[in-house]
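Structure file upload_22.pdb (PDB, C-alpha atoms, pLDDT in the B column) is printed below.
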ATOM      1  CA  MET A  10     -83.137  -3.003 -97.440  1.00 50.00           C
ATOM      2  CA  ASP A  11     -79.420  -3.648 -97.498  1.00 62.00           C
ATOM      3  CA  VAL A  12     -77.145  -1.251 -95.633  1.00 62.00           C
ATOM      4  CA  THR A  13     -75.111  -0.553 -98.785  1.00 63.00           C
ATOM      5  CA  GLU A  14     -78.225   0.920-100.409  1.00 65.00           C
ATOM      6  CA  TRP A  15     -78.826   3.392 -97.610  1.00 66.00           C
ATOM      7  CA  LYS A  16     -77.129   6.656 -98.661  1.00 72.00           C
ATOM      8  CA  THR A  17     -77.624   8.266 -95.249  1.00 73.00           C
ATOM      9  CA  ARG A  18     -74.821   6.061 -93.937  1.00 77.00           C
ATOM     10  CA  TYR A  19     -72.384   8.622 -95.328  1.00 81.00           C
ATOM     11  CA  LEU A  20     -73.625  11.036 -92.681  1.00 77.00           C
ATOM     12  CA  LEU A  21     -72.412   8.538 -90.097  1.00 76.00           C
ATOM     13  CA  LEU A  22     -69.065   8.511 -91.879  1.00 82.00           C
ATOM     14  CA  VAL A  23     -68.811  12.281 -91.414  1.00 80.00           C
ATOM     15  CA  PHE A  24     -69.504  11.923 -87.695  1.00 77.00           C
ATOM     16  CA  ALA A  25     -67.058   9.020 -87.491  1.00 78.00           C
ATOM     17  CA  CYS A  26     -64.276  11.332 -88.641  1.00 81.00           C
ATOM     18  CA  PHE A  27     -64.685  13.327 -85.427  1.00 79.00           C
ATOM     19  CA  LEU A  28     -63.516  10.488 -83.185  1.00 78.00           C
ATOM     20  CA  PRO A  29     -59.962   9.960 -84.543  1.00 80.00           C
ATOM     21  CA  PHE A  30     -59.539  13.715 -84.977  1.00 82.00           C
ATOM     22  CA  GLY A  31     -60.421  14.367 -81.336  1.00 79.00           C
ATOM     23  CA  CYS A  32     -58.307  11.437 -80.109  1.00 80.00           C
ATOM     24  CA  TYR A  33     -55.131  12.369 -81.909  1.00 83.00           C
ATOM     25  CA  PHE A  34     -55.574  16.081 -81.250  1.00 82.00           C
ATOM     26  CA  ASN A  35     -55.243  15.326 -77.529  1.00 82.00           C
ATOM     27  CA  ILE A  36     -52.831  12.397 -77.651  1.00 84.00           C
ATOM     28  CA  ASP A  37     -49.933  14.523 -78.912  1.00 84.00           C
ATOM     29  CA  VAL A  38     -50.706  17.604 -76.841  1.00 86.00           C
ATOM     30  CA  LEU A  39     -47.517  16.764 -74.907  1.00 87.00           C
ATOM     31  CA  GLY A  40     -45.435  17.296 -78.027  1.00 87.00           C
ATOM     32  CA  ALA A  41     -47.002  20.665 -78.797  1.00 85.00           C
ATOM     33  CA  LEU A  42     -46.547  21.845 -75.192  1.00 86.00           C
ATOM     34  CA  GLN A  43     -43.129  20.331 -74.577  1.00 86.00           C
ATOM     35  CA  LYS A  44     -41.519  23.670 -73.714  1.00 84.00           C
ATOM     36  CA  ASP A  45     -44.251  24.535 -71.202  1.00 83.00           C
ATOM     37  CA  LEU A  46     -44.237  21.094 -69.587  1.00 86.00           C
ATOM     38  CA  GLN A  47     -40.479  20.577 -69.356  1.00 85.00           C
ATOM     39  CA  GLY A  48     -39.306  24.156 -68.865  1.00 76.00           C
ATOM     40  CA  VAL A  49     -38.361  25.633 -65.511  1.00 72.00           C
ATOM     41  CA  HIS A  50     -41.021  27.811 -63.908  1.00 63.00           C
ATOM     42  CA  THR A  51     -39.952  31.452 -63.463  1.00 62.00           C
ATOM     43  CA  GLU A  52     -42.225  33.664 -61.360  1.00 61.00           C
ATOM     44  CA  ASN A  53     -40.215  36.858 -61.711  1.00 57.00           C
ATOM     45  CA  CYS A  54     -39.013  37.407 -65.265  1.00 58.00           C
ATOM     46  CA  ARG A  55     -37.132  40.562 -64.297  1.00 58.00           C
ATOM     47  CA  ASN A  56     -34.329  38.789 -62.459  1.00 56.00           C
ATOM     48  CA  LEU A  57     -33.265  36.336 -65.152  1.00 53.00           C
ATOM     49  CA  THR A  58     -29.697  35.493 -66.065  1.00 56.00           C
ATOM     50  CA  ALA A  59     -28.497  35.313 -69.650  1.00 51.00           C
ATOM     51  CA  ASN A  60     -29.010  31.514 -69.761  1.00 54.00           C
ATOM     52  CA  MET A  61     -32.583  31.570 -68.421  1.00 54.00           C
ATOM     53  CA  THR A  62     -35.863  31.901 -70.306  1.00 60.00           C
ATOM     54  CA  CYS A  63     -38.942  33.660 -68.970  1.00 61.00           C
ATOM     55  CA  CYS A  64     -41.653  30.999 -68.623  1.00 68.00           C
ATOM     56  CA  PRO A  65     -44.299  31.800 -65.978  1.00 68.00           C
ATOM     57  CA  ASP A  66     -46.533  28.934 -67.206  1.00 71.00           C
ATOM     58  CA  CYS A  67     -43.856  26.235 -67.295  1.00 80.00           C
ATOM     59  CA  LEU A  68     -44.427  23.231 -65.023  1.00 84.00           C
ATOM     60  CA  GLY A  69     -40.798  22.105 -64.666  1.00 83.00           C
ATOM     61  CA  LEU A  70     -41.393  18.395 -65.273  1.00 88.00           C
ATOM     62  CA  GLY A  71     -38.026  17.840 -66.902  1.00 88.00           C
ATOM     63  CA  PRO A  72     -37.287  15.274 -69.622  1.00 90.00           C
ATOM     64  CA  ASP A  73     -37.671  12.161 -67.440  1.00 93.00           C
ATOM     65  CA  ARG A  74     -41.177  12.784 -66.159  1.00 93.00           C
ATOM     66  CA  TYR A  75     -42.195  14.234 -69.527  1.00 92.00           C
ATOM     67  CA  ASN A  76     -41.207  10.959 -71.221  1.00 94.00           C
ATOM     68  CA  GLN A  77     -43.022   8.978 -68.516  1.00 95.00           C
ATOM     69  CA  LEU A  78     -46.258  10.708 -69.524  1.00 94.00           C
ATOM     70  CA  TYR A  79     -45.773   9.568 -73.123  1.00 91.00           C
ATOM     71  CA  ALA A  80     -44.891   6.053 -71.961  1.00 94.00           C
ATOM     72  CA  ALA A  81     -47.975   5.857 -69.714  1.00 94.00           C
ATOM     73  CA  TYR A  82     -50.276   6.476 -72.673  1.00 93.00           C
ATOM     74  CA  SER A  83     -48.417   4.188 -75.073  1.00 92.00           C
ATOM     75  CA  TRP A  84     -48.136   1.212 -72.713  1.00 93.00           C
ATOM     76  CA  MET A  85     -51.753   1.396 -71.572  1.00 94.00           C
ATOM     77  CA  ASN A  86     -52.897   1.797 -75.170  1.00 91.00           C
ATOM     78  CA  ALA A  87     -51.042  -1.369 -76.164  1.00 91.00           C
ATOM     79  CA  VAL A  88     -51.927  -3.435 -73.087  1.00 92.00           C
ATOM     80  CA  ASN A  89     -55.627  -2.590 -73.255  1.00 90.00           C
ATOM     81  CA  ALA A  90     -56.111  -3.403 -76.955  1.00 87.00           C
ATOM     82  CA  LEU A  91     -56.761  -7.160 -76.589  1.00 88.00           C
ATOM     83  CA  PRO A  92     -58.908  -7.108 -73.436  1.00 90.00           C
ATOM     84  CA  GLY A  93     -60.692  -4.059 -74.842  1.00 88.00           C
ATOM     85  CA  GLY A  94     -61.605  -6.000 -77.984  1.00 88.00           C
ATOM     86  CA  TYR A  95     -62.851  -8.912 -75.864  1.00 89.00           C
ATOM     87  CA  PHE A  96     -65.171  -6.707 -73.809  1.00 88.00           C
ATOM     88  CA  ILE A  97     -66.428  -4.947 -76.942  1.00 88.00           C
ATOM     89  CA  ASP A  98     -67.595  -8.347 -78.206  1.00 89.00           C
ATOM     90  CA  LYS A  99     -69.343  -8.962 -74.879  1.00 89.00           C
ATOM     91  CA  ILE A 100     -70.909  -5.526 -74.376  1.00 87.00           C
ATOM     92  CA  GLY A 101     -71.703  -4.571 -77.967  1.00 83.00           C
ATOM     93  CA  ASN A 102     -71.054  -1.456 -80.012  1.00 78.00           C
ATOM     94  CA  ARG A 103     -73.331   1.028 -78.284  1.00 76.00           C
ATOM     95  CA  GLY A 104     -72.370   0.276 -74.686  1.00 80.00           C
ATOM     96  CA  SER A 105     -68.669  -0.043 -75.400  1.00 83.00           C
ATOM     97  CA  ALA A 106     -68.615   3.180 -77.454  1.00 79.00           C
ATOM     98  CA  ILE A 107     -70.074   5.136 -74.537  1.00 80.00           C
ATOM     99  CA  LEU A 108     -67.829   3.417 -71.974  1.00 86.00           C
ATOM    100  CA  THR A 109     -64.543   3.808 -73.855  1.00 85.00           C
ATOM    101  CA  THR A 110     -65.122   7.442 -74.808  1.00 82.00           C
ATOM    102  CA  THR A 111     -66.028   8.208 -71.193  1.00 84.00           C
ATOM    103  CA  VAL A 112     -62.790   6.647 -69.906  1.00 89.00           C
ATOM    104  CA  ALA A 113     -60.701   8.562 -72.437  1.00 86.00           C
ATOM    105  CA  SER A 114     -62.549  11.788 -71.633  1.00 84.00           C
ATOM    106  CA  LEU A 115     -61.871  11.329 -67.914  1.00 88.00           C
ATOM    107  CA  GLY A 116     -58.181  10.961 -68.722  1.00 89.00           C
ATOM    108  CA  THR A 117     -58.138  14.221 -70.637  1.00 87.00           C
ATOM    109  CA  LEU A 118     -60.064  15.907 -67.822  1.00 87.00           C
ATOM    110  CA  LEU A 119     -57.613  14.706 -65.166  1.00 91.00           C
ATOM    111  CA  PHE A 120     -54.656  16.007 -67.157  1.00 90.00           C
ATOM    112  CA  ALA A 121     -56.211  19.469 -67.362  1.00 87.00           C
ATOM    113  CA  VAL A 122     -57.206  19.421 -63.677  1.00 90.00           C
ATOM    114  CA  SER A 123     -53.571  18.835 -62.731  1.00 90.00           C
ATOM    115  CA  THR A 124     -52.671  22.302 -64.068  1.00 87.00           C
ATOM    116  CA  ILE A 125     -55.185  24.359 -62.065  1.00 87.00           C
ATOM    117  CA  ASP A 126     -53.709  26.769 -59.525  1.00 83.00           C
ATOM    118  CA  SER A 127     -54.563  24.728 -56.426  1.00 89.00           C
ATOM    119  CA  ILE A 128     -52.759  21.624 -57.750  1.00 90.00           C
ATOM    120  CA  ARG A 129     -50.009  23.057 -59.958  1.00 85.00           C
ATOM    121  CA  PHE A 130     -46.502  22.678 -58.480  1.00 84.00           C
ATOM    122  CA  THR A 131     -47.752  20.439 -55.664  1.00 89.00           C
ATOM    123  CA  SER A 132     -46.732  16.819 -55.092  1.00 91.00           C
ATOM    124  CA  ALA A 133     -50.107  15.704 -56.489  1.00 93.00           C
ATOM    125  CA  MET A 134     -49.650  17.350 -59.899  1.00 93.00           C
ATOM    126  CA  PHE A 135     -47.556  14.705 -61.643  1.00 94.00           C
ATOM    127  CA  PRO A 136     -49.454  11.635 -60.290  1.00 95.00           C
ATOM    128  CA  ILE A 137     -52.730  13.175 -61.523  1.00 95.00           C
ATOM    129  CA  MET A 138     -51.142  13.849 -64.916  1.00 94.00           C
ATOM    130  CA  PHE A 139     -49.843  10.281 -65.039  1.00 96.00           C
ATOM    131  CA  CYS A 140     -53.253   8.791 -64.174  1.00 96.00           C
ATOM    132  CA  GLY A 141     -54.856  11.001 -66.795  1.00 93.00           C
ATOM    133  CA  ARG A 142     -52.545   9.699 -69.490  1.00 94.00           C
ATOM    134  CA  LEU A 143     -53.202   6.103 -68.380  1.00 95.00           C
ATOM    135  CA  LEU A 144     -56.953   6.607 -68.699  1.00 93.00           C
ATOM    136  CA  LEU A 145     -56.525   8.290 -72.075  1.00 91.00           C
ATOM    137  CA  GLY A 146     -54.579   5.284 -73.340  1.00 91.00           C
ATOM    138  CA  ALA A 147     -57.048   2.830 -71.809  1.00 92.00           C
ATOM    139  CA  GLY A 148     -60.019   4.478 -73.501  1.00 89.00           C
ATOM    140  CA  THR A 149     -58.607   5.516 -76.855  1.00 88.00           C
ATOM    141  CA  SER A 150     -57.498   2.096 -78.070  1.00 87.00           C
ATOM    142  CA  PRO A 151     -60.854   0.278 -77.635  1.00 89.00           C
ATOM    143  CA  ALA A 152     -62.749   3.398 -78.779  1.00 85.00           C
ATOM    144  CA  LEU A 153     -60.996   3.247 -82.145  1.00 86.00           C
ATOM    145  CA  ILE A 154     -61.648  -0.504 -82.299  1.00 88.00           C
ATOM    146  CA  VAL A 155     -65.367   0.144 -81.810  1.00 85.00           C
ATOM    147  CA  GLN A 156     -65.282   2.762 -84.530  1.00 83.00           C
ATOM    148  CA  ASN A 157     -63.601   0.415 -86.999  1.00 87.00           C
ATOM    149  CA  ARG A 158     -66.096  -2.315 -86.183  1.00 86.00           C
ATOM    150  CA  ILE A 159     -69.049  -0.005 -86.825  1.00 81.00           C
ATOM    151  CA  LEU A 160     -67.573   1.301 -90.074  1.00 85.00           C
ATOM    152  CA  ALA A 161     -66.815  -2.214 -91.282  1.00 86.00           C
ATOM    153  CA  SER A 162     -70.450  -3.197 -90.834  1.00 82.00           C
ATOM    154  CA  TRP A 163     -71.762  -0.039 -92.489  1.00 82.00           C
ATOM    155  CA  PHE A 164     -69.347   0.111 -95.433  1.00 86.00           C
ATOM    156  CA  PRO A 165     -68.549  -3.469 -96.478  1.00 85.00           C
ATOM    157  CA  ASP A 166     -68.382  -2.336-100.111  1.00 84.00           C
ATOM    158  CA  ASN A 167     -65.909   0.554 -99.536  1.00 85.00           C
ATOM    159  CA  ILE A 168     -64.084  -0.521 -96.410  1.00 87.00           C
ATOM    160  CA  LEU A 169     -60.547   0.230 -97.663  1.00 89.00           C
ATOM    161  CA  VAL A 170     -61.491   3.737 -98.770  1.00 90.00           C
ATOM    162  CA  VAL A 171     -63.205   4.390 -95.427  1.00 90.00           C
ATOM    163  CA  PHE A 172     -60.231   3.163 -93.382  1.00 90.00           C
ATOM    164  CA  SER A 173     -57.902   5.262 -95.531  1.00 92.00           C
ATOM    165  CA  LEU A 174     -60.060   8.292 -94.791  1.00 91.00           C
ATOM    166  CA  MET A 175     -59.781   7.589 -91.069  1.00 89.00           C
ATOM    167  CA  VAL A 176     -55.977   7.569 -91.324  1.00 89.00           C
ATOM    168  CA  VAL A 177     -56.068  10.941 -93.095  1.00 92.00           C
ATOM    169  CA  VAL A 178     -58.376  12.412 -90.457  1.00 88.00           C
ATOM    170  CA  LEU A 179     -56.348  11.219 -87.471  1.00 86.00           C
ATOM    171  CA  ARG A 180     -53.188  12.713 -88.983  1.00 89.00           C
ATOM    172  CA  LEU A 181     -55.093  15.970 -89.473  1.00 89.00           C
ATOM    173  CA  GLY A 182     -55.751  15.809 -85.731  1.00 85.00           C
ATOM    174  CA  ASN A 183     -51.999  15.549 -85.143  1.00 86.00           C
ATOM    175  CA  VAL A 184     -51.236  18.449 -87.457  1.00 89.00           C
ATOM    176  CA  SER A 185     -53.991  20.643 -86.004  1.00 87.00           C
ATOM    177  CA  ASN A 186     -52.685  20.027 -82.507  1.00 85.00           C
ATOM    178  CA  PHE A 187     -49.124  21.048 -83.344  1.00 87.00           C
ATOM    179  CA  PHE A 188     -50.336  24.039 -85.339  1.00 87.00           C
ATOM    180  CA  LEU A 189     -52.823  25.398 -82.782  1.00 85.00           C
ATOM    181  CA  THR A 190     -51.993  24.240 -79.255  1.00 85.00           C
ATOM    182  CA  ALA A 191     -48.586  25.854 -78.751  1.00 81.00           C
ATOM    183  CA  ASN A 192     -49.836  29.159 -80.180  1.00 84.00           C
ATOM    184  CA  LEU A 193     -52.903  29.054 -77.929  1.00 83.00           C
ATOM    185  CA  ALA A 194     -50.712  28.361 -74.884  1.00 81.00           C
ATOM    186  CA  ASN A 195     -48.581  31.410 -75.671  1.00 81.00           C
ATOM    187  CA  TRP A 196     -51.707  33.496 -76.094  1.00 85.00           C
ATOM    188  CA  ILE A 197     -54.055  32.431 -73.288  1.00 83.00           C
ATOM    189  CA  GLY A 198     -51.916  30.233 -71.029  1.00 80.00           C
ATOM    190  CA  LEU A 199     -51.259  26.519 -70.542  1.00 80.00           C
ATOM    191  CA  SER A 200     -54.203  25.625 -68.296  1.00 81.00           C
ATOM    192  CA  THR A 201     -56.824  27.384 -70.438  1.00 83.00           C
ATOM    193  CA  THR A 202     -55.426  25.720 -73.549  1.00 83.00           C
ATOM    194  CA  LEU A 203     -55.809  22.269 -71.980  1.00 83.00           C
ATOM    195  CA  TRP A 204     -59.425  23.023 -71.045  1.00 84.00           C
ATOM    196  CA  ILE A 205     -60.096  24.041 -74.652  1.00 81.00           C
ATOM    197  CA  GLY A 206     -58.605  20.686 -75.662  1.00 76.00           C
ATOM    198  CA  ILE A 207     -61.096  18.950 -73.347  1.00 76.00           C
ATOM    199  CA  PHE A 208     -63.984  20.778 -75.008  1.00 78.00           C
ATOM    200  CA  ILE A 209     -62.773  19.690 -78.461  1.00 74.00           C
ATOM    201  CA  PHE A 210     -62.241  16.135 -77.223  1.00 68.00           C
ATOM    202  CA  LEU A 211     -65.662  15.794 -75.606  1.00 68.00           C
ATOM    203  CA  SER A 212     -67.655  17.447 -78.374  1.00 68.00           C
ATOM    204  CA  LEU A 213     -66.065  15.410 -81.171  1.00 64.00           C
ATOM    205  CA  LYS A 214     -66.045  12.090 -79.328  1.00 59.00           C
ATOM    206  CA  TYR A 215     -69.631  12.200 -78.148  1.00 58.00           C
ATOM    207  CA  THR A 216     -70.892  13.481 -81.487  1.00 61.00           C
ATOM    208  CA  PHE A 217     -69.664  10.209 -82.967  1.00 55.00           C
ATOM    209  CA  THR A 218     -71.052   8.139 -80.081  1.00 57.00           C
ATOM    210  CA  VAL A 219     -74.503   9.728 -80.146  1.00 58.00           C
ATOM    211  CA  SER A 220     -74.693   9.540 -83.944  1.00 56.00           C
ATOM    212  CA  GLY A 221     -73.859   5.832 -83.802  1.00 54.00           C
ATOM    213  CA  VAL A 222     -76.680   5.186 -81.342  1.00 55.00           C
ATOM    214  CA  VAL A 223     -79.144   7.218 -83.445  1.00 57.00           C
ATOM    215  CA  PHE A 224     -78.208   5.377 -86.630  1.00 53.00           C
ATOM    216  CA  THR A 225     -78.563   2.039 -84.862  1.00 54.00           C
ATOM    217  CA  ILE A 226     -82.106   3.007 -83.855  1.00 56.00           C
ATOM    218  CA  PHE A 227     -82.838   3.971 -87.463  1.00 53.00           C
ATOM    219  CA  MET A 228     -81.610   0.551 -88.574  1.00 50.00           C
ATOM    220  CA  MET A 229     -84.037  -1.127 -86.191  1.00 52.00           C
ATOM    221  CA  VAL A 230     -86.971   1.112 -87.244  1.00 54.00           C
ATOM    222  CA  PHE A 231     -86.431   0.623 -90.976  1.00 50.00           C
ATOM    223  CA  ASN A 232     -85.377  -3.048 -90.681  1.00 52.00           C
ATOM    224  CA  ILE A 233     -82.004  -2.456 -92.273  1.00 45.00           C
ATOM    225  CA  GLU A 234     -79.718  -5.436 -91.975  1.00 45.00           C
TER     226      GLU A 234
END
If you convert what's in this file into structure tokens, what do you get?
Amino acid sequence: MDVTEWKTRYLLLVFACFLPFGCYFNIDVLGALQKDLQGVHTENCRNLTANMTCCPDCLGLGPDRYNQLYAAYSWMNAVNALPGGYFIDKIGNRGSAILTTTVASLGTLLFAVSTIDSIRFTSAMFPIMFCGRLLLGAGTSPALIVQNRILASWFPDNILVVFSLMVVVLRLGNVSNFFLTANLANWIGLSTTLWIGIFIFLSLKYTFTVSGVVFTIFMMVFNIE
């Protein structure tokens, strides 16, 4: 049985949409939380001058360190693309999908950990944030490469439509982040919002990874080539 005749592959396509959505929801979390990350922390909002804004959750990174966090992700994402593709060829789809999503998830976890009370405003906060963004960039780029490789093998007859759908979904991740994250931070606080982002990231990423493994097993059982 040819893979193009197996209609259940469209279920994999649904799961595949979760990966770019989760990636791009978390990648641009810096943009949605720019005010909280850059703004000056104010503990006592009663003694503010006319030029100051009450921001008890602000981390006071300033524009320079804020931009460094964006640069850390972007540079690592670009640098890791070629070696990531090489190792994907060596390891295979299943192993590399689990490895890359784990690395990216650790990056998101580190970024959220940096905002907990025992680390916030200490000298360790920014280095942990920076390492988190590096890991996010290192994992996201090869993870999306794995996804495209899997989709190309499963949808050789509709590959352009499938890739177009992935672009739509990842941009929906961007839009959802900017629409939800800042409002959540105002409502429940910066740290809690980042932990919610981790939950979204992990659940969506590993749903795609696990579904890919399951469908690969089905291919072996039913001798689908």
Evaluating the PyMOL selection byres ((chain A and resi 178) around 10) on the displayed file yields which residues, as a PyMOL selection string? chain A and resi 25-31+33+172-177+179-184
Students should find that CA of Tyr82 in chain A and CA of Leu145 in chain A are spaced 6.5 Å
With all atoms listed in the file as the counted atoms, please give the residues lying no more than 10 Å from Val122 in chain A, apart from itself and same-chain residues fewer than 2 positions off, as a short mmCIF file (atom, residue, chain, number, x, y, z; two decimals) with C-alpha atoms, keeping the file's coordinate frame.
data_model
loop_
_atom_site.label_atom_id
_atom_site.label_comp_id
_atom_site.auth_asym_id
_atom_site.auth_seq_id
_atom_site.Cartn_x
_atom_site.Cartn_y
_atom_site.Cartn_z
CA GLY A 116 -58.18 10.96 -68.72
CA THR A 117 -58.14 14.22 -70.64
CA LEU A 118 -60.06 15.91 -67.82
CA LEU A 119 -57.61 14.71 -65.17
CA PHE A 120 -54.66 16.01 -67.16
CA THR A 124 -52.67 22.30 -64.07
CA ILE A 125 -55.18 24.36 -62.06
CA ASP A 126 -53.71 26.77 -59.52
CA SER A 127 -54.56 24.73 -56.43
CA ILE A 128 -52.76 21.62 -57.75
CA ARG A 129 -50.01 23.06 -59.96
CA MET A 134 -49.65 17.35 -59.90
CA ILE A 137 -52.73 13.18 -61.52
CA MET A 138 -51.14 13.85 -64.92
CA GLY A 141 -54.86 11.00 -66.80
CA SER A 200 -54.20 25.62 -68.30
CA LEU A 203 -55.81 22.27 -71.98
CA TRP A 204 -59.42 23.02 -71.04
#
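The spacing separating CA of Ala106 in chain A from CA of Gln156 in chain A amounts to 7.8 Å.
Put simply, CA of Trp84 in chain A is 14.8 Å away from CA of Asp37 in chain A.
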- Apply the PyMOL selection byres ((chain A and resi 47) around 9) to the structure shown and report the selected residues as a PyMOL selection string. chain A and resi 42-46+48-49+67-72+74-75
Open item on the list: Give me, as a PyMOL selection string, all polymer residues having an atom no more than 9 Å from Leu108 in chain A, counting all atoms listed in the file and skipping those fewer than 5 positions away in the same chain.
Closed with: chain A and resi 103+113+148+152
Given the file above and the PyMOL selection byres ((chain A and resi 81) around 8), which residues are selected, and can you give them as an NGL selection string?
-> :A and (77-80 or 82-85 or 139 or 142-143 or 146)
Could the residues in this selection be saved with C-alpha atoms as a PDB file, in the coordinates of the input?
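What follows is the written file part_24.pdb:
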ATOM      1  CA  GLN A  77     -43.022   8.978 -68.516  1.00 95.00           C
ATOM      2  CA  LEU A  78     -46.258  10.708 -69.524  1.00 94.00           C
ATOM      3  CA  TYR A  79     -45.773   9.568 -73.123  1.00 91.00           C
ATOM      4  CA  ALA A  80     -44.891   6.053 -71.961  1.00 94.00           C
ATOM      5  CA  TYR A  82     -50.276   6.476 -72.673  1.00 93.00           C
ATOM      6  CA  SER A  83     -48.417   4.188 -75.073  1.00 92.00           C
ATOM      7  CA  TRP A  84     -48.136   1.212 -72.713  1.00 93.00           C
ATOM      8  CA  MET A  85     -51.753   1.396 -71.572  1.00 94.00           C
ATOM      9  CA  PHE A 139     -49.843  10.281 -65.039  1.00 96.00           C
ATOM     10  CA  ARG A 142     -52.545   9.699 -69.490  1.00 94.00           C
ATOM     11  CA  LEU A 143     -53.202   6.103 -68.380  1.00 95.00           C
ATOM     12  CA  GLY A 146     -54.579   5.284 -73.340  1.00 91.00           C
TER      13      GLY A 146
END
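Of the listed residues A:Phe34, A:Thr131, A:Ile205, A:Asn102, the one whose atoms come nearest to Ser162 in chain A is A:Asn102, with distances taken using all atoms listed in the file.
Residues in contact with Val155 in chain A at 9 Å, where all atoms listed in the file are counted and same-chain residues fewer than 4 positions away are skipped, are listed as Gly94, Ile97, Gly101, Asn102, Arg103, Ser105, Ala106, Thr109, Ser150, Pro151, Ile159 and Leu160 of chain A.
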Set up a box along x, y and z of the file covering all listed atoms of range 83-87 of chain A, add 5 Å on every one of the six sides, and write the centre and edge lengths in Å to one decimal, as AutoDock Vina command-line options.
--center_x -50.5 --center_y 1.4 --center_z -73.9 --size_x 14.8 --size_y 15.6 --size_z 14.6
Of A:Trp163, A:Ala121, A:Cys32, A:Thr190, the one nearest to Thr17 in chain A when counting only C-alpha atoms is A:Trp163
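Checking A:Asn186, A:Thr201, A:Asn89, A:Ser114 one by one against Leu39 in chain A, counting all atoms listed in the file, you find the shortest gap at A:Asn186.
The nearest approach to Gly198 in chain A among the residues A:Pro165, A:Asp66, A:Asn157, A:Arg18, with only C-alpha atoms taken into account, belongs to A:Asp66.
Minimum atom-to-atom distances from A:Ile168, A:Val38, A:Leu22, A:Lys16 to Ala194 in chain A were compared using all atoms listed in the file, and the lowest value belongs to A:Val38.
Using only C-alpha atoms for every distance, the candidate list A:Ser185, A:Leu199, A:Val171, A:Ile207 yields A:Val171 as the residue closest to Val23 in chain A.
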